[in-house]
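Coordinates as given in target-v8.pdb (PDB, C-alpha atoms):
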```pdb
ATOM      1  CA  MET C  26     -37.321  54.462-145.955  1.00  0.00           C
ATOM      2  CA  ARG C  27     -39.046  57.261-147.753  1.00  0.00           C
ATOM      3  CA  VAL C  28     -41.839  59.763-147.271  1.00  0.00           C
ATOM      4  CA  ASN C  29     -44.106  60.392-150.243  1.00  0.00           C
ATOM      5  CA  TYR C  30     -46.345  63.407-150.533  1.00  0.00           C
ATOM      6  CA  ARG C  31     -49.664  63.037-152.272  1.00  0.00           C
ATOM      7  CA  SER C  32     -51.489  65.825-154.047  1.00  0.00           C
ATOM      8  CA  ASN C  33     -53.296  66.813-150.846  1.00  0.00           C
ATOM      9  CA  ASN C  34     -49.929  67.206-149.071  1.00  0.00           C
ATOM     10  CA  THR C  35     -50.594  64.349-146.676  1.00  0.00           C
ATOM     11  CA  PRO C  36     -47.281  62.597-145.895  1.00  0.00           C
ATOM     12  CA  VAL C  37     -47.230  58.839-146.419  1.00  0.00           C
ATOM     13  CA  PHE C  38     -44.487  56.979-144.555  1.00  0.00           C
ATOM     14  CA  SER C  39     -43.153  53.858-146.258  1.00  0.00           C
ATOM     15  CA  VAL C  40     -40.479  51.472-144.961  1.00  0.00           C
ATOM     16  CA  LEU C  41     -40.347  49.254-148.052  1.00  0.00           C
ATOM     17  CA  SER C  42     -39.688  50.121-151.680  1.00  0.00           C
ATOM     18  CA  GLU C  43     -42.092  48.992-154.408  1.00  0.00           C
ATOM     19  CA  ASP C  44     -39.572  46.344-155.476  1.00  0.00           C
ATOM     20  CA  GLN C  45     -39.359  45.003-151.910  1.00  0.00           C
ATOM     21  CA  ILE C  46     -43.135  44.903-151.619  1.00  0.00           C
ATOM     22  CA  GLU C  47     -43.323  42.948-154.864  1.00  0.00           C
ATOM     23  CA  ALA C  48     -40.675  40.494-153.616  1.00  0.00           C
ATOM     24  CA  ILE C  49     -42.660  39.902-150.416  1.00  0.00           C
ATOM     25  CA  TYR C  50     -45.833  39.360-152.440  1.00  0.00           C
ATOM     26  CA  TYR C  51     -44.197  36.739-154.681  1.00  0.00           C
ATOM     27  CA  ALA C  52     -42.634  35.043-151.657  1.00  0.00           C
ATOM     28  CA  ALA C  53     -46.104  34.839-150.067  1.00  0.00           C
ATOM     29  CA  LEU C  54     -47.460  33.259-153.269  1.00  0.00           C
ATOM     30  CA  HIS C  55     -44.629  30.692-153.072  1.00  0.00           C
ATOM     31  CA  VAL C  56     -45.493  29.839-149.456  1.00  0.00           C
ATOM     32  CA  MET C  57     -49.203  29.478-150.217  1.00  0.00           C
ATOM     33  CA  ARG C  58     -48.537  27.167-153.174  1.00  0.00           C
ATOM     34  CA  ASN C  59     -45.662  25.080-151.819  1.00  0.00           C
ATOM     35  CA  VAL C  60     -46.034  25.136-148.023  1.00  0.00           C
ATOM     36  CA  GLY C  61     -49.775  25.591-147.641  1.00  0.00           C
ATOM     37  CA  ALA C  62     -51.862  26.128-144.522  1.00  0.00           C
ATOM     38  CA  ARG C  63     -53.749  23.845-142.167  1.00  0.00           C
ATOM     39  CA  ILE C  64     -57.489  24.609-142.396  1.00  0.00           C
ATOM     40  CA  HIS C  65     -59.611  23.068-139.621  1.00  0.00           C
ATOM     41  CA  GLU C  66     -63.046  23.761-141.120  1.00  0.00           C
ATOM     42  CA  GLU C  67     -64.701  21.344-143.560  1.00  0.00           C
ATOM     43  CA  ARG C  68     -66.799  24.026-145.303  1.00  0.00           C
ATOM     44  CA  ALA C  69     -63.689  26.055-146.028  1.00  0.00           C
ATOM     45  CA  ILE C  70     -61.793  23.031-147.347  1.00  0.00           C
ATOM     46  CA  ARG C  71     -64.647  22.280-149.763  1.00  0.00           C
ATOM     47  CA  LEU C  72     -64.687  25.902-150.924  1.00  0.00           C
ATOM     48  CA  TYR C  73     -60.938  25.820-151.507  1.00  0.00           C
ATOM     49  CA  GLU C  74     -61.203  22.584-153.516  1.00  0.00           C
ATOM     50  CA  GLN C  75     -64.034  23.955-155.645  1.00  0.00           C
ATOM     51  CA  ALA C  76     -61.959  27.058-156.415  1.00  0.00           C
ATOM     52  CA  GLY C  77     -58.912  25.070-157.532  1.00  0.00           C
ATOM     53  CA  ALA C  78     -56.783  24.635-154.413  1.00  0.00           C
ATOM     54  CA  ILE C  79     -54.810  21.465-153.744  1.00  0.00           C
ATOM     55  CA  VAL C  80     -55.757  19.615-150.541  1.00  0.00           C
ATOM     56  CA  GLU C  81     -53.289  17.125-149.065  1.00  0.00           C
ATOM     57  CA  ASP C  82     -53.272  15.091-145.863  1.00  0.00           C
ATOM     58  CA  GLY C  83     -56.909  15.906-145.137  1.00  0.00           C
ATOM     59  CA  ASN C  84     -56.604  19.614-144.331  1.00  0.00           C
ATOM     60  CA  LEU C  85     -53.332  20.960-145.763  1.00  0.00           C
ATOM     61  CA  VAL C  86     -54.496  23.484-148.350  1.00  0.00           C
ATOM     62  CA  LYS C  87     -52.115  24.719-151.061  1.00  0.00           C
ATOM     63  CA  ILE C  88     -53.286  27.698-153.075  1.00  0.00           C
ATOM     64  CA  PRO C  89     -51.977  28.263-156.623  1.00  0.00           C
ATOM     65  CA  ALA C  90     -50.987  31.806-157.607  1.00  0.00           C
ATOM     66  CA  PRO C  91     -53.725  32.174-160.294  1.00  0.00           C
ATOM     67  CA  MET C  92     -56.340  31.453-157.620  1.00  0.00           C
ATOM     68  CA  VAL C  93     -54.953  34.282-155.456  1.00  0.00           C
ATOM     69  CA  LYS C  94     -54.957  36.713-158.374  1.00  0.00           C
ATOM     70  CA  ILE C  95     -58.562  35.854-159.263  1.00  0.00           C
ATOM     71  CA  ALA C  96     -59.600  36.343-155.634  1.00  0.00           C
ATOM     72  CA  LEU C  97     -57.927  39.762-155.514  1.00  0.00           C
ATOM     73  CA  THR C  98     -59.964  40.913-158.526  1.00  0.00           C
ATOM     74  CA  THR C  99     -63.182  40.275-156.586  1.00  0.00           C
ATOM     75  CA  THR C 100     -62.282  42.435-153.581  1.00  0.00           C
ATOM     76  CA  PRO C 101     -63.274  46.116-153.394  1.00  0.00           C
ATOM     77  CA  ASP C 102     -60.606  48.795-153.583  1.00  0.00           C
ATOM     78  CA  THR C 103     -62.380  50.769-150.871  1.00  0.00           C
ATOM     79  CA  ILE C 104     -64.752  50.031-147.989  1.00  0.00           C
ATOM     80  CA  THR C 105     -66.682  52.617-145.993  1.00  0.00           C
ATOM     81  CA  LEU C 106     -67.553  51.948-142.346  1.00  0.00           C
ATOM     82  CA  ALA C 107     -70.114  54.286-140.782  1.00  0.00           C
ATOM     83  CA  GLY C 108     -71.276  54.511-137.182  1.00  0.00           C
ATOM     84  CA  ARG C 109     -74.810  54.897-135.867  1.00  0.00           C
ATOM     85  CA  ASP C 110     -74.319  58.531-136.787  1.00  0.00           C
ATOM     86  CA  ARG C 111     -73.953  57.888-140.523  1.00  0.00           C
ATOM     87  CA  ALA C 112     -71.949  61.105-140.921  1.00  0.00           C
ATOM     88  CA  LYS C 113     -69.181  59.558-138.802  1.00  0.00           C
ATOM     89  CA  SER C 114     -67.515  57.334-141.353  1.00  0.00           C
ATOM     90  CA  ILE C 115     -64.075  56.079-142.346  1.00  0.00           C
ATOM     91  CA  THR C 116     -63.055  55.006-145.837  1.00  0.00           C
ATOM     92  CA  LEU C 117     -60.657  52.076-145.860  1.00  0.00           C
ATOM     93  CA  GLU C 118     -58.350  52.344-148.848  1.00  0.00           C
ATOM     94  CA  ARG C 119     -54.681  52.465-149.784  1.00  0.00           C
ATOM     95  CA  ASN C 120     -52.548  55.050-147.967  1.00  0.00           C
ATOM     96  CA  GLN C 121     -55.400  56.080-145.673  1.00  0.00           C
ATOM     97  CA  ALA C 122     -54.781  55.718-141.930  1.00  0.00           C
ATOM     98  CA  TYR C 123     -57.232  55.985-139.031  1.00  0.00           C
ATOM     99  CA  PHE C 124     -56.828  55.839-135.284  1.00  0.00           C
ATOM    100  CA  GLY C 125     -58.913  54.075-132.675  1.00  0.00           C
ATOM    101  CA  THR C 126     -58.785  51.992-129.517  1.00  0.00           C
ATOM    102  CA  GLY C 127     -57.732  48.372-129.045  1.00  0.00           C
ATOM    103  CA  SER C 128     -59.689  45.520-127.511  1.00  0.00           C
ATOM    104  CA  ASP C 129     -59.994  42.672-125.059  1.00  0.00           C
ATOM    105  CA  CYS C 130     -57.916  43.710-122.043  1.00  0.00           C
ATOM    106  CA  PRO C 131     -58.991  41.404-119.183  1.00  0.00           C
ATOM    107  CA  PHE C 132     -58.232  43.954-116.437  1.00  0.00           C
ATOM    108  CA  VAL C 133     -58.570  47.695-115.849  1.00  0.00           C
ATOM    109  CA  VAL C 134     -57.210  50.064-113.228  1.00  0.00           C
ATOM    110  CA  ASP C 135     -60.289  51.697-111.714  1.00  0.00           C
ATOM    111  CA  PRO C 136     -59.989  55.472-112.332  1.00  0.00           C
ATOM    112  CA  TYR C 137     -61.651  56.249-108.992  1.00  0.00           C
ATOM    113  CA  THR C 138     -60.046  53.717-106.620  1.00  0.00           C
ATOM    114  CA  ASP C 139     -56.794  52.731-108.434  1.00  0.00           C
ATOM    115  CA  GLU C 140     -57.845  49.110-107.928  1.00  0.00           C
ATOM    116  CA  ARG C 141     -56.804  46.600-110.583  1.00  0.00           C
ATOM    117  CA  ARG C 142     -59.935  44.586-111.350  1.00  0.00           C
ATOM    118  CA  PRO C 143     -61.692  42.748-114.216  1.00  0.00           C
ATOM    119  CA  PHE C 144     -63.265  44.817-116.995  1.00  0.00           C
ATOM    120  CA  THR C 145     -67.047  45.178-116.766  1.00  0.00           C
ATOM    121  CA  GLN C 146     -69.747  46.074-119.243  1.00  0.00           C
ATOM    122  CA  LYS C 147     -70.002  49.524-117.709  1.00  0.00           C
ATOM    123  CA  ASP C 148     -66.263  50.074-118.192  1.00  0.00           C
ATOM    124  CA  ILE C 149     -66.689  49.415-121.911  1.00  0.00           C
ATOM    125  CA  TYR C 150     -69.632  51.817-122.043  1.00  0.00           C
ATOM    126  CA  ASP C 151     -67.583  54.488-120.242  1.00  0.00           C
ATOM    127  CA  ALA C 152     -64.629  53.944-122.589  1.00  0.00           C
ATOM    128  CA  ALA C 153     -66.962  54.293-125.578  1.00  0.00           C
ATOM    129  CA  ARG C 154     -68.232  57.601-124.213  1.00  0.00           C
ATOM    130  CA  VAL C 155     -64.660  58.880-123.920  1.00  0.00           C
ATOM    131  CA  ALA C 156     -63.898  57.752-127.497  1.00  0.00           C
ATOM    132  CA  GLU C 157     -67.061  59.487-128.673  1.00  0.00           C
ATOM    133  CA  ALA C 158     -65.803  62.764-127.202  1.00  0.00           C
ATOM    134  CA  LEU C 159     -62.256  62.575-128.612  1.00  0.00           C
ATOM    135  CA  PRO C 160     -62.118  64.058-132.133  1.00  0.00           C
ATOM    136  CA  ASN C 161     -58.870  62.292-133.087  1.00  0.00           C
ATOM    137  CA  LEU C 162     -60.276  58.802-132.489  1.00  0.00           C
ATOM    138  CA  ASP C 163     -61.999  57.611-135.668  1.00  0.00           C
ATOM    139  CA  PHE C 164     -63.320  54.228-134.528  1.00  0.00           C
ATOM    140  CA  PHE C 165     -63.867  52.266-131.332  1.00  0.00           C
ATOM    141  CA  MET C 166     -62.914  48.770-130.194  1.00  0.00           C
ATOM    142  CA  SER C 167     -64.092  47.546-126.820  1.00  0.00           C
ATOM    143  CA  LEU C 168     -60.816  48.064-124.854  1.00  0.00           C
ATOM    144  CA  GLY C 169     -61.819  45.300-122.443  1.00  0.00           C
ATOM    145  CA  LEU C 170     -63.597  41.969-122.010  1.00  0.00           C
ATOM    146  CA  THR C 171     -66.927  41.997-120.207  1.00  0.00           C
ATOM    147  CA  SER C 172     -66.436  39.836-117.120  1.00  0.00           C
ATOM    148  CA  ASP C 173     -69.831  40.421-115.483  1.00  0.00           C
ATOM    149  CA  VAL C 174     -71.976  38.727-118.160  1.00  0.00           C
ATOM    150  CA  PRO C 175     -72.370  35.095-119.318  1.00  0.00           C
ATOM    151  CA  VAL C 176     -69.061  33.930-120.814  1.00  0.00           C
ATOM    152  CA  ALA C 177     -70.585  32.235-123.873  1.00  0.00           C
ATOM    153  CA  THR C 178     -72.358  35.440-124.971  1.00  0.00           C
ATOM    154  CA  TYR C 179     -70.005  38.133-123.674  1.00  0.00           C
ATOM    155  CA  ASP C 180     -69.509  39.491-127.201  1.00  0.00           C
ATOM    156  CA  ARG C 181     -73.185  40.486-127.579  1.00  0.00           C
ATOM    157  CA  HIS C 182     -73.103  42.398-124.275  1.00  0.00           C
ATOM    158  CA  GLN C 183     -69.850  43.999-125.382  1.00  0.00           C
ATOM    159  CA  LEU C 184     -71.413  45.278-128.619  1.00  0.00           C
ATOM    160  CA  LEU C 185     -74.453  46.564-126.735  1.00  0.00           C
ATOM    161  CA  ALA C 186     -72.229  48.654-124.458  1.00  0.00           C
ATOM    162  CA  MET C 187     -70.331  49.976-127.483  1.00  0.00           C
ATOM    163  CA  LEU C 188     -73.543  50.906-129.298  1.00  0.00           C
ATOM    164  CA  ARG C 189     -74.860  52.723-126.238  1.00  0.00           C
ATOM    165  CA  GLY C 190     -71.639  54.655-125.701  1.00  0.00           C
ATOM    166  CA  THR C 191     -70.587  55.851-129.151  1.00  0.00           C
ATOM    167  CA  THR C 192     -71.976  56.697-132.579  1.00  0.00           C
ATOM    168  CA  LYS C 193     -68.622  56.115-134.319  1.00  0.00           C
ATOM    169  CA  PRO C 194     -67.695  53.105-136.500  1.00  0.00           C
ATOM    170  CA  LEU C 195     -66.783  49.969-134.548  1.00  0.00           C
ATOM    171  CA  VAL C 196     -64.398  47.039-134.731  1.00  0.00           C
ATOM    172  CA  ILE C 197     -65.734  44.008-132.868  1.00  0.00           C
ATOM    173  CA  THR C 198     -64.687  40.529-131.812  1.00  0.00           C
ATOM    174  CA  ALA C 199     -66.912  37.452-131.631  1.00  0.00           C
ATOM    175  CA  VAL C 200     -66.891  34.214-129.651  1.00  0.00           C
ATOM    176  CA  ASP C 201     -67.837  32.188-132.709  1.00  0.00           C
ATOM    177  CA  GLU C 202     -69.867  32.286-135.929  1.00  0.00           C
ATOM    178  CA  GLU C 203     -73.160  32.440-134.034  1.00  0.00           C
ATOM    179  CA  GLY C 204     -71.857  35.367-131.983  1.00  0.00           C
ATOM    180  CA  LEU C 205     -70.882  37.247-135.135  1.00  0.00           C
ATOM    181  CA  LEU C 206     -74.279  36.683-136.741  1.00  0.00           C
ATOM    182  CA  ASP C 207     -76.081  37.814-133.575  1.00  0.00           C
ATOM    183  CA  GLN C 208     -74.032  41.012-133.574  1.00  0.00           C
ATOM    184  CA  TYR C 209     -74.755  41.516-137.278  1.00  0.00           C
ATOM    185  CA  ARG C 210     -78.472  41.326-136.509  1.00  0.00           C
ATOM    186  CA  MET C 211     -78.067  43.709-133.560  1.00  0.00           C
ATOM    187  CA  ALA C 212     -76.241  46.234-135.739  1.00  0.00           C
ATOM    188  CA  SER C 213     -78.863  45.934-138.470  1.00  0.00           C
ATOM    189  CA  VAL C 214     -81.592  46.701-135.934  1.00  0.00           C
ATOM    190  CA  ALA C 215     -79.607  49.702-134.677  1.00  0.00           C
ATOM    191  CA  LEU C 216     -79.298  51.025-138.251  1.00  0.00           C
ATOM    192  CA  GLY C 217     -82.858  50.209-139.255  1.00  0.00           C
ATOM    193  CA  SER C 218     -82.247  47.353-141.689  1.00  0.00           C
ATOM    194  CA  GLU C 219     -79.747  44.842-143.061  1.00  0.00           C
ATOM    195  CA  LYS C 220     -79.778  46.839-146.302  1.00  0.00           C
ATOM    196  CA  GLU C 221     -78.461  49.892-144.457  1.00  0.00           C
ATOM    197  CA  PHE C 222     -75.721  47.794-142.844  1.00  0.00           C
ATOM    198  CA  LYS C 223     -74.613  46.524-146.248  1.00  0.00           C
ATOM    199  CA  ARG C 224     -74.616  50.064-147.664  1.00  0.00           C
ATOM    200  CA  ALA C 225     -72.101  51.173-145.043  1.00  0.00           C
ATOM    201  CA  PRO C 226     -71.262  48.526-142.407  1.00  0.00           C
ATOM    202  CA  LEU C 227     -71.431  49.639-138.783  1.00  0.00           C
ATOM    203  CA  PHE C 228     -68.490  47.439-137.864  1.00  0.00           C
ATOM    204  CA  ALA C 229     -65.641  45.270-139.084  1.00  0.00           C
ATOM    205  CA  ILE C 230     -64.979  41.944-137.389  1.00  0.00           C
ATOM    206  CA  TYR C 231     -61.470  41.286-136.009  1.00  0.00           C
ATOM    207  CA  ILE C 232     -60.516  37.602-136.378  1.00  0.00           C
ATOM    208  CA  GLU C 233     -57.307  35.859-135.327  1.00  0.00           C
ATOM    209  CA  PRO C 234     -56.106  32.605-136.903  1.00  0.00           C
ATOM    210  CA  SER C 235     -52.993  30.969-135.452  1.00  0.00           C
ATOM    211  CA  SER C 236     -49.461  31.701-136.608  1.00  0.00           C
ATOM    212  CA  PRO C 237     -47.816  30.076-138.448  1.00  0.00           C
ATOM    213  CA  LEU C 238     -50.323  29.131-141.157  1.00  0.00           C
ATOM    214  CA  ILE C 239     -53.112  27.549-139.125  1.00  0.00           C
ATOM    215  CA  SER C 240     -56.787  28.513-139.377  1.00  0.00           C
ATOM    216  CA  ASN C 241     -58.907  26.870-136.694  1.00  0.00           C
ATOM    217  CA  ARG C 242     -62.604  26.104-137.026  1.00  0.00           C
ATOM    218  CA  GLU C 243     -63.809  29.110-135.014  1.00  0.00           C
ATOM    219  CA  ALA C 244     -61.745  31.652-136.963  1.00  0.00           C
ATOM    220  CA  THR C 245     -62.516  30.152-140.372  1.00  0.00           C
ATOM    221  CA  SER C 246     -66.249  29.859-139.751  1.00  0.00           C
ATOM    222  CA  LYS C 247     -66.347  33.544-138.832  1.00  0.00           C
ATOM    223  CA  VAL C 248     -64.616  34.425-142.102  1.00  0.00           C
ATOM    224  CA  ILE C 249     -67.229  32.453-144.039  1.00  0.00           C
ATOM    225  CA  ALA C 250     -70.089  34.136-142.167  1.00  0.00           C
ATOM    226  CA  ALA C 251     -68.543  37.546-142.798  1.00  0.00           C
ATOM    227  CA  ALA C 252     -68.209  36.831-146.524  1.00  0.00           C
ATOM    228  CA  GLU C 253     -71.793  35.605-146.781  1.00  0.00           C
ATOM    229  CA  ASN C 254     -73.161  38.737-145.093  1.00  0.00           C
ATOM    230  CA  ASP C 255     -70.897  41.469-146.542  1.00  0.00           C
ATOM    231  CA  ILE C 256     -69.206  42.089-143.188  1.00  0.00           C
ATOM    232  CA  PRO C 257     -65.664  43.522-143.516  1.00  0.00           C
ATOM    233  CA  ALA C 258     -63.158  41.215-141.820  1.00  0.00           C
ATOM    234  CA  ILE C 259     -59.666  41.788-140.434  1.00  0.00           C
ATOM    235  CA  TYR C 260     -57.908  38.405-140.537  1.00  0.00           C
ATOM    236  CA  THR C 261     -54.536  38.616-138.836  1.00  0.00           C
ATOM    237  CA  PRO C 262     -52.442  35.946-137.069  1.00  0.00           C
ATOM    238  CA  CYS C 263     -50.399  38.523-135.092  1.00  0.00           C
ATOM    239  CA  PRO C 264     -47.045  36.785-135.703  1.00  0.00           C
ATOM    240  CA  MET C 265     -44.174  37.300-133.254  1.00  0.00           C
ATOM    241  CA  CYS C 266     -40.849  37.903-134.998  1.00  0.00           C
ATOM    242  CA  GLY C 267     -38.362  35.232-133.986  1.00  0.00           C
ATOM    243  CA  ALA C 268     -41.022  33.055-132.328  1.00  0.00           C
ATOM    244  CA  THR C 269     -44.027  32.230-134.505  1.00  0.00           C
ATOM    245  CA  ALA C 270     -42.571  33.983-137.572  1.00  0.00           C
ATOM    246  CA  PRO C 271     -39.129  34.735-139.050  1.00  0.00           C
ATOM    247  CA  VAL C 272     -37.148  37.336-137.145  1.00  0.00           C
ATOM    248  CA  THR C 273     -36.866  39.729-140.095  1.00  0.00           C
ATOM    249  CA  LEU C 274     -39.569  42.240-141.036  1.00  0.00           C
ATOM    250  CA  SER C 275     -39.806  40.908-144.589  1.00  0.00           C
ATOM    251  CA  GLY C 276     -40.025  37.280-143.409  1.00  0.00           C
ATOM    252  CA  ALA C 277     -42.747  38.090-140.902  1.00  0.00           C
ATOM    253  CA  LEU C 278     -44.744  39.944-143.560  1.00  0.00           C
ATOM    254  CA  VAL C 279     -44.556  36.913-145.848  1.00  0.00           C
TER     255      VAL C 279
END
```
So that I can check it, write out the structure of this file as structure tokens.
Amino acid sequence: MRVNYRSNNTPVFSVLSEDQIEAIYYAALHVMRNVGARIHEERAIRLYEQAGAIVEDGNLVKIPAPMVKIALTTTPDTITLAGRDRAKSITLERNQAYFGTGSDCPFVVDPYTDERRPFTQKDIYDAARVAEALPNLDFFMSLGLTSDVPVATYDRHQLLAMLRGTTKPLVITAVDEEGLLDQYRMASVALGSEKEFKRAPLFAIYIEPSSPLISNREATSKVIAAAENDIPAIYTPCPMCGATAPVTLSGALV
């Protein structure tokens, strides 16, 4: 472990050395080329094939290292998210950390009655108002799942409550590709245009594939929609060490 100090005297905590990081990277390349991942989305499989991936057994996609390196050259080194108040922004780049809330708790303890009950749209709005007032929170996720709205479109109601409650950058979830695109249109209306969203996105979309190495149709289709509309995406399988991933830190990172 080491702590580096940059020129602005901000400490950067690092668990791994540069050599260890490189070893993990090359191990990940080995897994992608020799183990592969199951992709349950036909559009994605076609895109992989067109880019040079090897497809076996219908949906087992193996990605050669040169393909990964080419893909990395097309990604930006920095992304700026900005809230409805455009002055409230965060710049996503190396060694830059921000703090915000989490998402999707099914229940809440009512602050007035101490009753444990399902999250409602108003609870999300109230949580957004609290996040808006706290200077050390840089972005807002919904904290809970809206239980008092139609299940198939809960994500749109969730975003509406977030937009009403805070002017900070957001991280959202979506039921499916259609839900993501609806929220993209909602955010563009809130900002005035799609062009303004693309200049500094109002939100990033949080997407979960399945660990180990499985991308289902819903998750993959959201990634494609995000790529087509310049929506920043967080794509994380949330592996559990010793269960759905190796027990070691380095193995889980690979």
Take the PyMOL selection byres ((chain C and resi 201) around 8), run it mentally on this structure, and tell me the resulting residues as a compact mmCIF listing (two decimals) with C-alpha atoms, in the frame of the given file.
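Contents of the output file part.txt:
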```
# COMPACT_ATOMS: atom_id res chain seq x y z
CA ALA C 199 -66.91 37.45 -131.63
CA VAL C 200 -66.89 34.21 -129.65
CA GLU C 202 -69.87 32.29 -135.93
CA GLU C 203 -73.16 32.44 -134.03
CA GLY C 204 -71.86 35.37 -131.98
CA LEU C 205 -70.88 37.25 -135.14
CA GLU C 243 -63.81 29.11 -135.01
CA ALA C 244 -61.74 31.65 -136.96
CA SER C 246 -66.25 29.86 -139.75
CA LYS C 247 -66.35 33.54 -138.83
```
Long-range neighbours of Pro131 in chain C as a PyMOL selection string, 10 Å cut-off, all atoms listed in the file, 2 positions minimum in chain: chain C and resi 128-129+133+142-145+168-172
The PyMOL selection byres ((chain C and resi 81-97) around 12) applied to the shown file, residues as a PyMOL selection string: chain C and resi 50-80+98-102+238-242
Selected residue of minimal separation from Thr191 in chain C among C:Gln121, C:Gln208, C:Ser167, C:Thr261, counting all atoms listed in the file: C:Ser167
Residue members of the PyMOL selection byres ((chain C and resi 198) around 7) in the file shown, as a ChimeraX atom specification: /C:180,197,199,230-232
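For the choices C:Ala250, C:Val272, C:Ile259, C:Leu106, the atom-to-atom distance to Phe228 in chain C is smallest for C:Leu106 when using all atoms listed in the file.
If you count all atoms listed in the file and ignore residues fewer than 4 places along the chain from Leu278 in chain C, what sits within 12 Å of it is Leu41, Gln45, Ile46, Glu47, Ala48, Ile49, Tyr50, Tyr51, Ala52, Ala53, Val56, Ser236, Pro237, Thr261, Pro262, Cys263, Pro264, Met265, Cys266, Thr269, Ala270, Pro271, Val272, Thr273 and Leu274 of chain C.
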Option closest in space to Tyr209 in chain C, from C:Ser114, C:Asn161, C:Ser275, C:Asn254 [counting only C-alpha atoms]: C:Asn254
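Interatomic distance, CA of Arg224 in chain C against CA of Ala212 in chain C: 12.6 Å.
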Near-Thr192 in chain C list (7 Å; only C-alpha atoms; drop same-chain fewer than 2 positions) as a count of residues only: 6
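Across the structure, CA of Gln183 in chain C and CA of Ala156 in chain C are spaced 15.1 Å apart.
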Can you fill out range 135-146 of chain C with N, CA and C atoms and hand it back as a PDB file, in the frame of the given file?
```pdb
ATOM      1  N   ASP C 135     -59.121  50.848-111.976  1.00  0.00           N
ATOM      2  CA  ASP C 135     -60.289  51.697-111.714  1.00  0.00           C
ATOM      3  C   ASP C 135     -59.851  53.154-111.576  1.00  0.00           C
ATOM      4  N   PRO C 136     -60.434  54.072-112.370  1.00  0.00           N
ATOM      5  CA  PRO C 136     -59.989  55.472-112.332  1.00  0.00           C
ATOM      6  C   PRO C 136     -60.348  56.191-111.031  1.00  0.00           C
ATOM      7  N   TYR C 137     -61.228  55.598-110.231  1.00  0.00           N
ATOM      8  CA  TYR C 137     -61.651  56.249-108.992  1.00  0.00           C
ATOM      9  C   TYR C 137     -60.974  55.664-107.764  1.00  0.00           C
ATOM     10  N   THR C 138     -60.617  54.365-107.799  1.00  0.00           N
ATOM     11  CA  THR C 138     -60.046  53.717-106.620  1.00  0.00           C
ATOM     12  C   THR C 138     -58.606  53.243-106.827  1.00  0.00           C
ATOM     13  N   ASP C 139     -58.103  53.269-108.069  1.00  0.00           N
ATOM     14  CA  ASP C 139     -56.794  52.731-108.434  1.00  0.00           C
ATOM     15  C   ASP C 139     -56.697  51.221-108.239  1.00  0.00           C
ATOM     16  N   GLU C 140     -57.822  50.564-108.084  1.00  0.00           N
ATOM     17  CA  GLU C 140     -57.845  49.110-107.928  1.00  0.00           C
ATOM     18  C   GLU C 140     -57.725  48.436-109.293  1.00  0.00           C
ATOM     19  N   ARG C 141     -56.876  47.415-109.372  1.00  0.00           N
ATOM     20  CA  ARG C 141     -56.804  46.600-110.583  1.00  0.00           C
ATOM     21  C   ARG C 141     -57.868  45.517-110.485  1.00  0.00           C
ATOM     22  N   ARG C 142     -58.793  45.510-111.417  1.00  0.00           N
ATOM     23  CA  ARG C 142     -59.935  44.586-111.350  1.00  0.00           C
ATOM     24  C   ARG C 142     -60.373  44.189-112.760  1.00  0.00           C
ATOM     25  N   PRO C 143     -61.216  43.156-112.886  1.00  0.00           N
ATOM     26  CA  PRO C 143     -61.692  42.748-114.216  1.00  0.00           C
ATOM     27  C   PRO C 143     -62.530  43.843-114.887  1.00  0.00           C
ATOM     28  N   PHE C 144     -62.443  43.900-116.204  1.00  0.00           N
ATOM     29  CA  PHE C 144     -63.265  44.817-116.995  1.00  0.00           C
ATOM     30  C   PHE C 144     -64.737  44.431-116.867  1.00  0.00           C
ATOM     31  N   THR C 145     -65.612  45.422-116.817  1.00  0.00           N
ATOM     32  CA  THR C 145     -67.047  45.178-116.766  1.00  0.00           C
ATOM     33  C   THR C 145     -67.716  45.813-117.977  1.00  0.00           C
ATOM     34  N   GLN C 146     -68.985  45.493-118.146  1.00  0.00           N
ATOM     35  CA  GLN C 146     -69.747  46.074-119.243  1.00  0.00           C
ATOM     36  C   GLN C 146     -69.818  47.598-119.120  1.00  0.00           C
TER      37      GLN C 146
END
```
